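Below is the file upload-v8.pdb, which contains PDB, C-alpha atoms and all ligand atoms.
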ATOM      1  CA  MET A   1     115.498-125.618 106.796
ATOM      2  CA  ASP A   2     118.985-124.410 105.777
ATOM      3  CA  ASN A   3     120.330-125.398 102.400
ATOM      4  CA  LYS A   4     123.768-126.557 103.546
ATOM      5  CA  PRO A   5     124.692-130.025 102.301
ATOM      6  CA  LYS A   6     124.143-132.589 105.022
ATOM      7  CA  SER A   7     125.902-135.862 105.715
ATOM      8  CA  VAL A   8     123.347-138.610 105.373
ATOM      9  CA  LEU A   9     123.914-142.213 106.427
ATOM     10  CA  ILE A  10     121.459-144.776 105.160
ATOM     11  CA  ALA A  11     121.295-148.205 106.788
ATOM     12  CA  GLY A  12     120.206-150.722 104.153
ATOM     13  CA  GLY A  13     120.970-150.545 100.454
ATOM     14  CA  SER A  14     117.890-152.169  99.032
ATOM     15  CA  LEU A  15     115.154-150.328  97.138
ATOM     16  CA  ALA A  16     114.103-147.868  99.851
ATOM     17  CA  GLY A  17     117.685-146.985 100.769
ATOM     18  CA  LEU A  18     118.687-146.459  97.164
ATOM     19  CA  MET A  19     115.594-144.414  96.290
ATOM     20  CA  THR A  20     116.104-142.122  99.268
ATOM     21  CA  GLY A  21     119.830-141.963  98.546
ATOM     22  CA  ILE A  22     119.224-140.895  94.938
ATOM     23  CA  VAL A  23     116.764-138.167  95.942
ATOM     24  CA  LEU A  24     119.079-136.726  98.595
ATOM     25  CA  LYS A  25     122.211-137.012  96.500
ATOM     26  CA  HIS A  26     120.483-135.188  93.681
ATOM     27  CA  LEU A  27     119.845-132.334  96.126
ATOM     28  CA  GLY A  28     123.576-132.115  96.836
ATOM     29  CA  HIS A  29     123.740-133.941 100.155
ATOM     30  CA  HIS A  30     126.588-136.286 101.028
ATOM     31  CA  VAL A  31     125.013-139.704 101.115
ATOM     32  CA  ARG A  32     126.583-142.964 102.181
ATOM     33  CA  ILE A  33     124.633-146.200 102.122
ATOM     34  CA  PHE A  34     125.676-149.036 104.393
ATOM     35  CA  GLU A  35     124.466-152.388 103.142
ATOM     36  CA  ARG A  36     125.453-155.576 104.883
ATOM     37  CA  TYR A  37     125.561-157.640 101.700
ATOM     38  CA  PRO A  38     127.502-156.958  98.483
ATOM     39  CA  ALA A  39     125.710-156.511  95.158
ATOM     40  CA  THR A  40     126.546-160.061  94.082
ATOM     41  CA  GLN A  41     124.390-161.320  96.915
ATOM     42  CA  MET A  42     121.562-158.899  96.293
ATOM     43  CA  GLU A  43     120.662-160.529  92.985
ATOM     44  CA  GLY A  44     117.793-162.878  92.424
ATOM     45  CA  GLN A  45     115.575-161.444  95.125
ATOM     46  CA  GLY A  46     112.759-163.412  93.661
ATOM     47  CA  ALA A  47     109.703-162.345  91.942
ATOM     48  CA  GLY A  48     108.159-159.622  89.930
ATOM     49  CA  ILE A  49     107.535-156.186  91.343
ATOM     50  CA  THR A  50     104.690-153.927  90.392
ATOM     51  CA  ALA A  51     105.847-150.412  89.700
ATOM     52  CA  GLN A  52     102.986-148.359  91.091
ATOM     53  CA  VAL A  53     102.436-144.643  90.649
ATOM     54  CA  ASP A  54     105.149-143.287  92.974
ATOM     55  CA  VAL A  55     107.780-145.676  91.650
ATOM     56  CA  GLN A  56     106.964-144.415  88.161
ATOM     57  CA  GLN A  57     107.053-140.831  89.447
ATOM     58  CA  LEU A  58     110.481-141.297  90.983
ATOM     59  CA  LEU A  59     111.877-142.892  87.842
ATOM     60  CA  THR A  60     110.351-140.090  85.753
ATOM     61  CA  ASP A  61     111.628-137.294  88.009
ATOM     62  CA  TYR A  62     115.175-138.619  87.923
ATOM     63  CA  GLY A  63     115.223-139.492  84.214
ATOM     64  CA  LEU A  64     115.417-143.232  84.825
ATOM     65  CA  LEU A  65     112.732-144.514  82.488
ATOM     66  CA  LYS A  66     115.174-145.538  79.763
ATOM     67  CA  PRO A  67     116.029-148.159  78.782
ATOM     68  CA  PRO A  68     112.555-149.635  79.366
ATOM     69  CA  TYR A  69     112.296-151.447  82.667
ATOM     70  CA  SER A  70     108.772-152.843  82.685
ATOM     71  CA  VAL A  71     105.989-154.448  80.720
ATOM     72  CA  ASN A  72     102.412-153.324  80.927
ATOM     73  CA  SER A  73      99.795-155.732  82.165
ATOM     74  CA  PRO A  74      96.382-154.440  81.067
ATOM     75  CA  ASN A  75      94.420-156.304  83.714
ATOM     76  CA  LEU A  76      94.689-158.484  86.774
ATOM     77  CA  GLN A  77      93.294-161.991  86.871
ATOM     78  CA  ILE A  78      92.558-163.665  90.163
ATOM     79  CA  LEU A  79      92.654-167.435  89.922
ATOM     80  CA  LYS A  80      90.950-170.090  91.987
ATOM     81  CA  LEU A  81      92.936-172.992  93.379
ATOM     82  CA  ASP A  82      91.985-175.116  90.359
ATOM     83  CA  GLY A  83      93.443-172.498  87.993
ATOM     84  CA  SER A  84      90.146-171.179  86.679
ATOM     85  CA  VAL A  85      89.577-167.414  86.683
ATOM     86  CA  LYS A  86      87.774-166.087  89.753
ATOM     87  CA  SER A  87      87.609-162.535  88.443
ATOM     88  CA  THR A  88      89.362-160.100  86.158
ATOM     89  CA  TRP A  89      90.050-156.533  87.241
ATOM     90  CA  ASN A  90      90.656-153.858  84.664
ATOM     91  CA  VAL A  91      93.639-152.314  86.379
ATOM     92  CA  ALA A  92      96.731-151.664  84.289
ATOM     93  CA  TRP A  93      99.941-152.453  86.164
ATOM     94  CA  GLU A  94     103.534-151.871  85.160
ATOM     95  CA  MET A  95     105.338-155.120  85.901
ATOM     96  CA  THR A  96     109.063-155.268  86.476
ATOM     97  CA  SER A  97     111.382-157.270  88.707
ATOM     98  CA  TRP A  98     113.277-156.618  91.904
ATOM     99  CA  ASP A  99     116.595-157.051  90.105
ATOM    100  CA  ALA A 100     115.628-154.721  87.247
ATOM    101  CA  LEU A 101     114.752-151.959  89.713
ATOM    102  CA  TYR A 102     117.641-152.576  92.069
ATOM    103  CA  PHE A 103     120.343-152.528  89.407
ATOM    104  CA  ARG A 104     118.840-149.445  87.755
ATOM    105  CA  LEU A 105     118.961-147.613  91.067
ATOM    106  CA  ARG A 106     122.522-148.809  91.689
ATOM    107  CA  ALA A 107     123.563-147.643  88.222
ATOM    108  CA  VAL A 108     122.456-144.139  89.051
ATOM    109  CA  PHE A 109     123.465-144.070  92.711
ATOM    110  CA  ASP A 110     127.029-145.310  92.435
ATOM    111  CA  GLY A 111     127.551-146.259  88.806
ATOM    112  CA  HIS A 112     127.409-149.978  89.500
ATOM    113  CA  ARG A 113     127.411-151.926  86.225
ATOM    114  CA  SER A 114     125.336-155.029  85.762
ATOM    115  CA  GLU A 115     123.663-157.145  83.150
ATOM    116  CA  TYR A 116     120.583-154.993  83.681
ATOM    117  CA  CYS A 117     122.438-151.692  83.414
ATOM    118  CA  PRO A 118     125.782-152.163  81.678
ATOM    119  CA  GLN A 119     126.353-148.400  81.678
ATOM    120  CA  ALA A 120     126.553-146.186  84.695
ATOM    121  CA  LEU A 121     123.657-143.735  84.754
ATOM    122  CA  GLU A 122     124.002-140.138  85.969
ATOM    123  CA  LEU A 123     124.958-138.976  89.509
ATOM    124  CA  GLY A 124     128.439-139.754  90.864
ATOM    125  CA  ALA A 125     129.937-142.664  92.742
ATOM    126  CA  GLN A 126     129.425-143.350  96.428
ATOM    127  CA  GLN A 127     130.424-146.074  98.781
ATOM    128  CA  THR A 128     128.314-148.985  99.825
ATOM    129  CA  GLY A 129     129.247-151.561 102.397
ATOM    130  CA  SER A 130     129.961-155.225 101.911
ATOM    131  CA  GLY A 131     129.170-158.387 103.781
ATOM    132  CA  GLU A 132     129.735-162.066 103.913
ATOM    133  CA  ASN A 133     126.568-164.059 104.289
ATOM    134  CA  PRO A 134     124.632-165.274 101.278
ATOM    135  CA  ARG A 135     121.354-163.483 101.457
ATOM    136  CA  LYS A 136     118.255-165.479 100.977
ATOM    137  CA  ARG A 137     115.356-163.193 101.525
ATOM    138  CA  ASP A 138     112.637-164.243 103.885
ATOM    139  CA  THR A 139     109.526-163.942 101.776
ATOM    140  CA  ARG A 140     107.027-164.616 104.535
ATOM    141  CA  PRO A 141     104.626-161.703 104.697
ATOM    142  CA  SER A 142     105.458-160.200 108.063
ATOM    143  CA  ILE A 143     103.251-157.256 108.867
ATOM    144  CA  CYS A 144     104.256-154.427 111.132
ATOM    145  CA  ARG A 145     103.991-150.670 111.302
ATOM    146  CA  ALA A 146     106.023-148.165 113.266
ATOM    147  CA  ILE A 147     104.170-145.718 115.483
ATOM    148  CA  ARG A 148     106.508-142.901 114.486
ATOM    149  CA  ALA A 149     108.556-142.353 111.353
ATOM    150  CA  SER A 150     110.737-139.539 112.685
ATOM    151  CA  HIS A 151     113.014-139.959 115.695
ATOM    152  CA  LEU A 152     115.620-137.861 117.506
ATOM    153  CA  ASP A 153     114.218-134.559 116.213
ATOM    154  CA  GLY A 154     114.130-135.778 112.642
ATOM    155  CA  LYS A 155     117.728-136.992 112.617
ATOM    156  CA  VAL A 156     116.683-140.629 112.307
ATOM    157  CA  LEU A 157     113.913-141.521 109.895
ATOM    158  CA  LEU A 158     112.308-144.836 109.111
ATOM    159  CA  VAL A 159     111.414-145.477 105.480
ATOM    160  CA  GLY A 160     110.276-148.390 103.337
ATOM    161  CA  ASP A 161     109.753-151.757 104.976
ATOM    162  CA  ALA A 162     111.410-150.458 108.161
ATOM    163  CA  LEU A 163     108.506-148.055 108.526
ATOM    164  CA  ALA A 164     105.753-150.482 107.609
ATOM    165  CA  SER A 165     105.456-153.811 105.887
ATOM    166  CA  PHE A 166     102.241-155.037 104.341
ATOM    167  CA  ARG A 167     100.743-158.210 103.061
ATOM    168  CA  PRO A 168     101.862-158.435  99.423
ATOM    169  CA  HIS A 169      98.455-158.556  97.760
ATOM    170  CA  ALA A 170      98.176-154.898  96.817
ATOM    171  CA  ALA A 171     101.841-154.719  95.743
ATOM    172  CA  LEU A 172     102.349-151.416  97.556
ATOM    173  CA  SER A 173     105.624-151.832  99.469
ATOM    174  CA  THR A 174     107.970-150.611  96.772
ATOM    175  CA  ASN A 175     105.606-147.751  96.115
ATOM    176  CA  GLN A 176     105.843-146.831  99.790
ATOM    177  CA  ALA A 177     109.646-146.724  99.457
ATOM    178  CA  ALA A 178     109.345-144.389  96.457
ATOM    179  CA  LEU A 179     106.752-142.159  98.127
ATOM    180  CA  ASN A 180     108.857-141.855 101.295
ATOM    181  CA  ALA A 181     111.865-140.851  99.202
ATOM    182  CA  LEU A 182     109.994-138.337  97.016
ATOM    183  CA  LEU A 183     108.417-136.649 100.032
ATOM    184  CA  ARG A 184     111.731-136.663 101.878
ATOM    185  CA  GLY A 185     113.124-134.643  98.980
ATOM    186  CA  LYS A 186     110.349-132.097  99.552
ATOM    187  CA  VAL A 187     111.264-131.818 103.226
ATOM    188  CA  MET A 188     114.912-131.235 102.354
ATOM    189  CA  LYS A 189     113.890-128.523  99.876
ATOM    190  CA  GLY A 190     111.772-126.826 102.541
ATOM    191  CA  GLU A 191     108.549-127.562 100.643
ATOM    192  CA  MET A 192     107.114-129.799 103.355
ATOM    193  CA  ALA A 193     107.380-129.738 107.145
ATOM    194  CA  LEU A 194     108.848-132.781 108.826
ATOM    195  CA  MET A 195     105.676-133.300 110.848
ATOM    196  CA  ASP A 196     103.623-133.286 107.647
ATOM    197  CA  TRP A 197     106.047-135.817 106.149
ATOM    198  CA  GLN A 198     105.552-138.049 109.158
ATOM    199  CA  ARG A 199     101.784-137.670 109.103
ATOM    200  CA  THR A 200     101.613-138.420 105.366
ATOM    201  CA  VAL A 201     103.874-141.468 105.413
ATOM    202  CA  LEU A 202     102.120-142.938 108.465
ATOM    203  CA  LYS A 203      98.733-142.412 106.861
ATOM    204  CA  TYR A 204      99.945-144.062 103.655
ATOM    205  CA  ALA A 205     101.223-147.009 105.695
ATOM    206  CA  HIS A 206      97.948-147.314 107.584
ATOM    207  CA  VAL A 207      95.782-147.173 104.467
ATOM    208  CA  SER A 208      98.070-149.491 102.487
ATOM    209  CA  ALA A 209      98.070-152.093 105.270
ATOM    210  CA  ALA A 210      94.260-152.039 105.355
ATOM    211  CA  ARG A 211      94.006-152.134 101.558
ATOM    212  CA  SER A 212      96.442-155.047 101.305
ATOM    213  CA  ARG A 213      94.486-156.936 103.954
ATOM    214  CA  ALA A 214      91.192-156.284 102.182
ATOM    215  CA  ILE A 215      92.518-157.477  98.831
ATOM    216  CA  GLY A 216      94.179-160.479 100.470
ATOM    217  CA  THR A 217      90.959-161.567 102.118
ATOM    218  CA  TYR A 218      89.163-161.193  98.788
ATOM    219  CA  PHE A 219      91.752-163.506  97.202
ATOM    220  CA  GLN A 220      91.923-166.006 100.000
ATOM    221  CA  GLY A 221      89.179-165.609 102.564
ATOM    222  CA  GLY A 222      85.441-165.884 102.671
ATOM    223  CA  TRP A 223      82.988-163.036 102.152
ATOM    224  CA  GLY A 224      82.689-162.392 105.880
ATOM    225  CA  VAL A 225      86.349-161.620 106.505
ATOM    226  CA  PHE A 226      86.511-159.702 103.245
ATOM    227  CA  LEU A 227      83.644-157.416 104.295
ATOM    228  CA  VAL A 228      85.236-156.801 107.694
ATOM    229  CA  ALA A 229      88.552-155.967 106.008
ATOM    230  CA  LEU A 230      86.744-153.697 103.549
ATOM    231  CA  VAL A 231      85.129-151.755 106.385
ATOM    232  CA  ARG A 232      88.511-151.418 108.092
ATOM    233  CA  TYR A 233      89.973-150.126 104.853
ATOM    234  CA  GLY A 234      87.206-147.511 104.643
ATOM    235  CA  VAL A 235      87.855-146.466 108.237
ATOM    236  CA  ALA A 236      91.603-146.179 107.504
ATOM    237  CA  LEU A 237      90.881-144.022 104.448
ATOM    238  CA  VAL A 238      88.804-141.475 106.350
ATOM    239  CA  GLY A 239      90.644-141.771 109.690
ATOM    240  CA  GLU A 240      93.711-139.971 110.971
ATOM    241  CA  GLY A 241      96.155-142.821 110.304
TER     242      GLY A 241
HETATM  243  C1  LIG A 301     109.816-161.966  96.168
HETATM  244  C2  LIG A 301     109.410-160.554  96.458
HETATM  245  C3  LIG A 301     108.423-159.949  95.674
HETATM  246  C4  LIG A 301     108.033-158.657  95.950
HETATM  247  N1  LIG A 301     107.075-158.083  95.176
HETATM  248  C5  LIG A 301     106.690-156.819  95.409
HETATM  249  C6  LIG A 301     105.724-156.176  94.578
HETATM  250  O1  LIG A 301     105.189-156.712  93.619
HETATM  251  N2  LIG A 301     105.425-154.895  94.843
HETATM  252  C7  LIG A 301     105.986-154.240  95.876
HETATM  253  O2  LIG A 301     105.688-153.069  96.064
HETATM  254  N3  LIG A 301     106.909-154.804  96.687
HETATM  255  C8  LIG A 301     107.274-156.072  96.489
HETATM  256  N4  LIG A 301     108.197-156.645  97.298
HETATM  257  C9  LIG A 301     108.722-155.895  98.438
HETATM  258  C10 LIG A 301     109.839-154.958  98.041
HETATM  259  O3  LIG A 301     110.926-155.659  97.512
HETATM  260  C11 LIG A 301     110.284-154.149  99.271
HETATM  261  O4  LIG A 301     109.185-153.549  99.852
HETATM  262  C12 LIG A 301     111.266-153.080  98.831
HETATM  263  O5  LIG A 301     112.489-153.729  98.549
HETATM  264  C13 LIG A 301     111.525-152.000  99.858
HETATM  265  O6  LIG A 301     112.100-152.582 100.930
HETATM  266  P1  LIG A 301     113.217-151.879 101.804
HETATM  267  O7  LIG A 301     114.318-151.355 100.966
HETATM  268  O8  LIG A 301     112.538-150.945 102.718
HETATM  269  O9  LIG A 301     113.666-153.108 102.677
HETATM  270  P2  LIG A 301     114.515-154.368 102.254
HETATM  271  O10 LIG A 301     114.360-154.668 100.798
HETATM  272  O11 LIG A 301     114.213-155.434 103.252
HETATM  273  O12 LIG A 301     115.994-153.850 102.482
HETATM  274  C14 LIG A 301     116.594-153.680 103.722
HETATM  275  C15 LIG A 301     118.086-153.755 103.484
HETATM  276  O13 LIG A 301     118.756-153.441 104.684
HETATM  277  C16 LIG A 301     119.849-154.304 104.814
HETATM  278  N5  LIG A 301     120.205-154.328 106.227
HETATM  279  C17 LIG A 301     119.452-154.793 107.237
HETATM  280  N6  LIG A 301     120.095-154.626 108.385
HETATM  281  C18 LIG A 301     121.265-154.037 108.099
HETATM  282  C19 LIG A 301     122.349-153.598 108.876
HETATM  283  N7  LIG A 301     122.357-153.748 110.207
HETATM  284  N8  LIG A 301     123.394-153.002 108.257
HETATM  285  C20 LIG A 301     123.389-152.827 106.906
HETATM  286  N9  LIG A 301     122.381-153.237 106.123
HETATM  287  C21 LIG A 301     121.335-153.816 106.720
HETATM  288  C22 LIG A 301     119.369-155.621 104.277
HETATM  289  O14 LIG A 301     120.424-156.466 103.900
HETATM  290  C23 LIG A 301     118.531-155.159 103.081
HETATM  291  O15 LIG A 301     119.265-155.100 101.882
HETATM  292  C24 LIG A 301     108.633-157.940  97.035
HETATM  293  C25 LIG A 301     109.621-158.550  97.799
HETATM  294  C26 LIG A 301     110.014-159.842  97.511
HETATM  295  C27 LIG A 301     111.082-160.467  98.333
END
What does the file become when written as structure tokens?
Amino acid sequence: MDNKPKSVLIAGGSLAGLMTGIVLKHLGHHVRIFERYPATQMEGQGAGITAQVDVQQLLTDYGLLKPPYSVNSPNLQILKLDGSVKSTWNVAWEMTSWDALYFRLRAVFDGHRSEYCPQALELGAQQTGSGENPRKRDTRPSICRAIRASHLDGKVLLVGDALASFRPHAALSTNQAALNALLRGKVMKGEMALMDWQRTVLKYAHVSAARSRAIGTYFQGGWGVFLVALVRYGVALVGEG
């Protein structure tokens, strides 16, 4: 791949768009993000977000860990309907919020100032679009997965929720956005072939969907559906994706 700066248009200025935009901009490409809603209507997207390993990697790689953005939860408790503890898993998760991540990414992508990030962080300014409608996010867990991530000879790529959306139980969607962006940076640097990028991101989507389903059935279903989902997760892990 040649090293000439490319013009990159990103449709959607949420977490996946911003993460990819930051990675590509850092490599010297000309990135414009088109978002239908202005920042004022992107606030309050709801709940907490778990910053999994690739989110942490992206924030580390681009020097975005400070000021602190998360709190550490040393374990995960699964509750029954009556509020009693069904089980406790010793998995440490970094907990943050959609707003905290979004405004941090905006601060670095285009210097947008907010309550979360009053100062612009590094990297220069770029344009984002604007829109009219108040945005109330649809939080229903829709599940879908694209068959291909790369289209038109690699000129159009699907990332984040556009590539695959999962049930929320494993909290992997934002991590997918970060992984897609980090690996995209490798492709642009010539360290990874586009076909390998596609294979890796599709496999991640396949495994994450199966993992989310398995965990969801453990939370909500009976043992039968959980075991079926667990087997499917195992098949996804060893399969081609
Ligand atoms: C309440 C809540 C809790 C969540 N918790 C977690 C969690 O714990 N862990 C986790 O990993 N993930 C979580 N998620 C999911 C996470 O927020 C998304 O996976 C993440 O934002 C990546 O999504 P995305 O950027 O690919 O897509 P989206 O966030 O859906 O962004 C797509 C963007 O594209 C814009 N757009 C769409 N069409 C157009 C158009 N035609 N022109 C211009 N712009 C357009 C939309 O306005 C939107 O801003 C949560 C989501 C919600 C709502």
Which neighbours of stretch 63-80 of chain A fall inside 9 Å, counting all atoms listed in the file, when residues of the same chain fewer than 6 positions from it are skipped, and could you give them as a list in words?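 Near stretch 63-80 of chain A, the qualifying residues are Thr50, Ala51, Gln56, Lys86, Ser87, Thr88, Trp89, Asn90, Val91, Ala92, Trp93, Glu94, Met95, Thr96, Ser97, Ala100, Leu101, Arg104, Leu105, Val108, Cys117, Leu121, Glu122 and Phe219 of chain A.
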Quick one: write out the picked residues with C-alpha atoms as a compact mmCIF listing (two decimals), in the coordinates of the input?
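See result.txt below for the written result:
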# COMPACT_ATOMS: atom_id res chain seq x y z
CA THR A 50 104.69 -153.93 90.39
CA ALA A 51 105.85 -150.41 89.70
CA GLN A 56 106.96 -144.42 88.16
CA LYS A 86 87.77 -166.09 89.75
CA SER A 87 87.61 -162.54 88.44
CA THR A 88 89.36 -160.10 86.16
CA TRP A 89 90.05 -156.53 87.24
CA ASN A 90 90.66 -153.86 84.66
CA VAL A 91 93.64 -152.31 86.38
CA ALA A 92 96.73 -151.66 84.29
CA TRP A 93 99.94 -152.45 86.16
CA GLU A 94 103.53 -151.87 85.16
CA MET A 95 105.34 -155.12 85.90
CA THR A 96 109.06 -155.27 86.48
CA SER A 97 111.38 -157.27 88.71
CA ALA A 100 115.63 -154.72 87.25
CA LEU A 101 114.75 -151.96 89.71
CA ARG A 104 118.84 -149.44 87.76
CA LEU A 105 118.96 -147.61 91.07
CA VAL A 108 122.46 -144.14 89.05
CA CYS A 117 122.44 -151.69 83.41
CA LEU A 121 123.66 -143.74 84.75
CA GLU A 122 124.00 -140.14 85.97
CA PHE A 219 91.75 -163.51 97.20
Given the PyMOL selection byres (((chain A and resi 201) around 10) and not hetatm) and the file above, list the residues it selects as an MDAnalysis selection string. chainID A and resid 148:149 158:160 163:164 176:177 179:180 183:184 195:200 202:207 241
Using all atoms listed in the file, find each residue with an atom at most 8 Å away from ligand LIG 301 (chain A) and format the answer as number ranges by chain. A: 11-18, 34-37, 42, 45-52, 95, 97-98, 129, 135, 137-139, 159-163, 165, 168, 170-177
Output C-alpha atoms for every residue in the selection just made, as a PDB file, in the coordinates of the input.
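Below is the file result21.pdb, written as the result:
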ATOM      1  CA  ALA A  11     121.295-148.205 106.788  1.00  0.00           C
ATOM      2  CA  GLY A  12     120.206-150.722 104.153  1.00  0.00           C
ATOM      3  CA  GLY A  13     120.970-150.545 100.454  1.00  0.00           C
ATOM      4  CA  SER A  14     117.890-152.169  99.032  1.00  0.00           C
ATOM      5  CA  LEU A  15     115.154-150.328  97.138  1.00  0.00           C
ATOM      6  CA  ALA A  16     114.103-147.868  99.851  1.00  0.00           C
ATOM      7  CA  GLY A  17     117.685-146.985 100.769  1.00  0.00           C
ATOM      8  CA  LEU A  18     118.687-146.459  97.164  1.00  0.00           C
ATOM      9  CA  PHE A  34     125.676-149.036 104.393  1.00  0.00           C
ATOM     10  CA  GLU A  35     124.466-152.388 103.142  1.00  0.00           C
ATOM     11  CA  ARG A  36     125.453-155.576 104.883  1.00  0.00           C
ATOM     12  CA  TYR A  37     125.561-157.640 101.700  1.00  0.00           C
ATOM     13  CA  MET A  42     121.562-158.899  96.293  1.00  0.00           C
ATOM     14  CA  GLN A  45     115.575-161.444  95.125  1.00  0.00           C
ATOM     15  CA  GLY A  46     112.759-163.412  93.661  1.00  0.00           C
ATOM     16  CA  ALA A  47     109.703-162.345  91.942  1.00  0.00           C
ATOM     17  CA  GLY A  48     108.159-159.622  89.930  1.00  0.00           C
ATOM     18  CA  ILE A  49     107.535-156.186  91.343  1.00  0.00           C
ATOM     19  CA  THR A  50     104.690-153.927  90.392  1.00  0.00           C
ATOM     20  CA  ALA A  51     105.847-150.412  89.700  1.00  0.00           C
ATOM     21  CA  GLN A  52     102.986-148.359  91.091  1.00  0.00           C
ATOM     22  CA  MET A  95     105.338-155.120  85.901  1.00  0.00           C
ATOM     23  CA  SER A  97     111.382-157.270  88.707  1.00  0.00           C
ATOM     24  CA  TRP A  98     113.277-156.618  91.904  1.00  0.00           C
ATOM     25  CA  GLY A 129     129.247-151.561 102.397  1.00  0.00           C
ATOM     26  CA  ARG A 135     121.354-163.483 101.457  1.00  0.00           C
ATOM     27  CA  ARG A 137     115.356-163.193 101.525  1.00  0.00           C
ATOM     28  CA  ASP A 138     112.637-164.243 103.885  1.00  0.00           C
ATOM     29  CA  THR A 139     109.526-163.942 101.776  1.00  0.00           C
ATOM     30  CA  VAL A 159     111.414-145.477 105.480  1.00  0.00           C
ATOM     31  CA  GLY A 160     110.276-148.390 103.337  1.00  0.00           C
ATOM     32  CA  ASP A 161     109.753-151.757 104.976  1.00  0.00           C
ATOM     33  CA  ALA A 162     111.410-150.458 108.161  1.00  0.00           C
ATOM     34  CA  LEU A 163     108.506-148.055 108.526  1.00  0.00           C
ATOM     35  CA  SER A 165     105.456-153.811 105.887  1.00  0.00           C
ATOM     36  CA  PRO A 168     101.862-158.435  99.423  1.00  0.00           C
ATOM     37  CA  ALA A 170      98.176-154.898  96.817  1.00  0.00           C
ATOM     38  CA  ALA A 171     101.841-154.719  95.743  1.00  0.00           C
ATOM     39  CA  LEU A 172     102.349-151.416  97.556  1.00  0.00           C
ATOM     40  CA  SER A 173     105.624-151.832  99.469  1.00  0.00           C
ATOM     41  CA  THR A 174     107.970-150.611  96.772  1.00  0.00           C
ATOM     42  CA  ASN A 175     105.606-147.751  96.115  1.00  0.00           C
ATOM     43  CA  GLN A 176     105.843-146.831  99.790  1.00  0.00           C
ATOM     44  CA  ALA A 177     109.646-146.724  99.457  1.00  0.00           C
TER      45      ALA A 177
END
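Interatomic distance, atom CA of A:Gly216 against atom CA of A:Arg167: 7.4 Å.
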A straight line from atom CA of A:Tyr62 to atom CA of A:Ser7 spans 21.0 Å
Could you list, as JSON, numbers by chain, every residue matched by the PyMOL selection byres (((chain A and resi 3) around 8) and not hetatm) in this structure? {"A": [1, 2, 4, 5, 188, 189]}
What do you get, as number ranges by chain, if you spell out every residue that the PyMOL selection byres (((chain A and resi 31) around 8) and not hetatm) selects here? A: 7-10, 21, 24-25, 29-30, 32-33, 126
Go ahead and compute the interatomic distance for atom CA of A:His169 and atom CA of A:Ala214, in Å to one decimal.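 Interatomic distance here is 8.8 Å.
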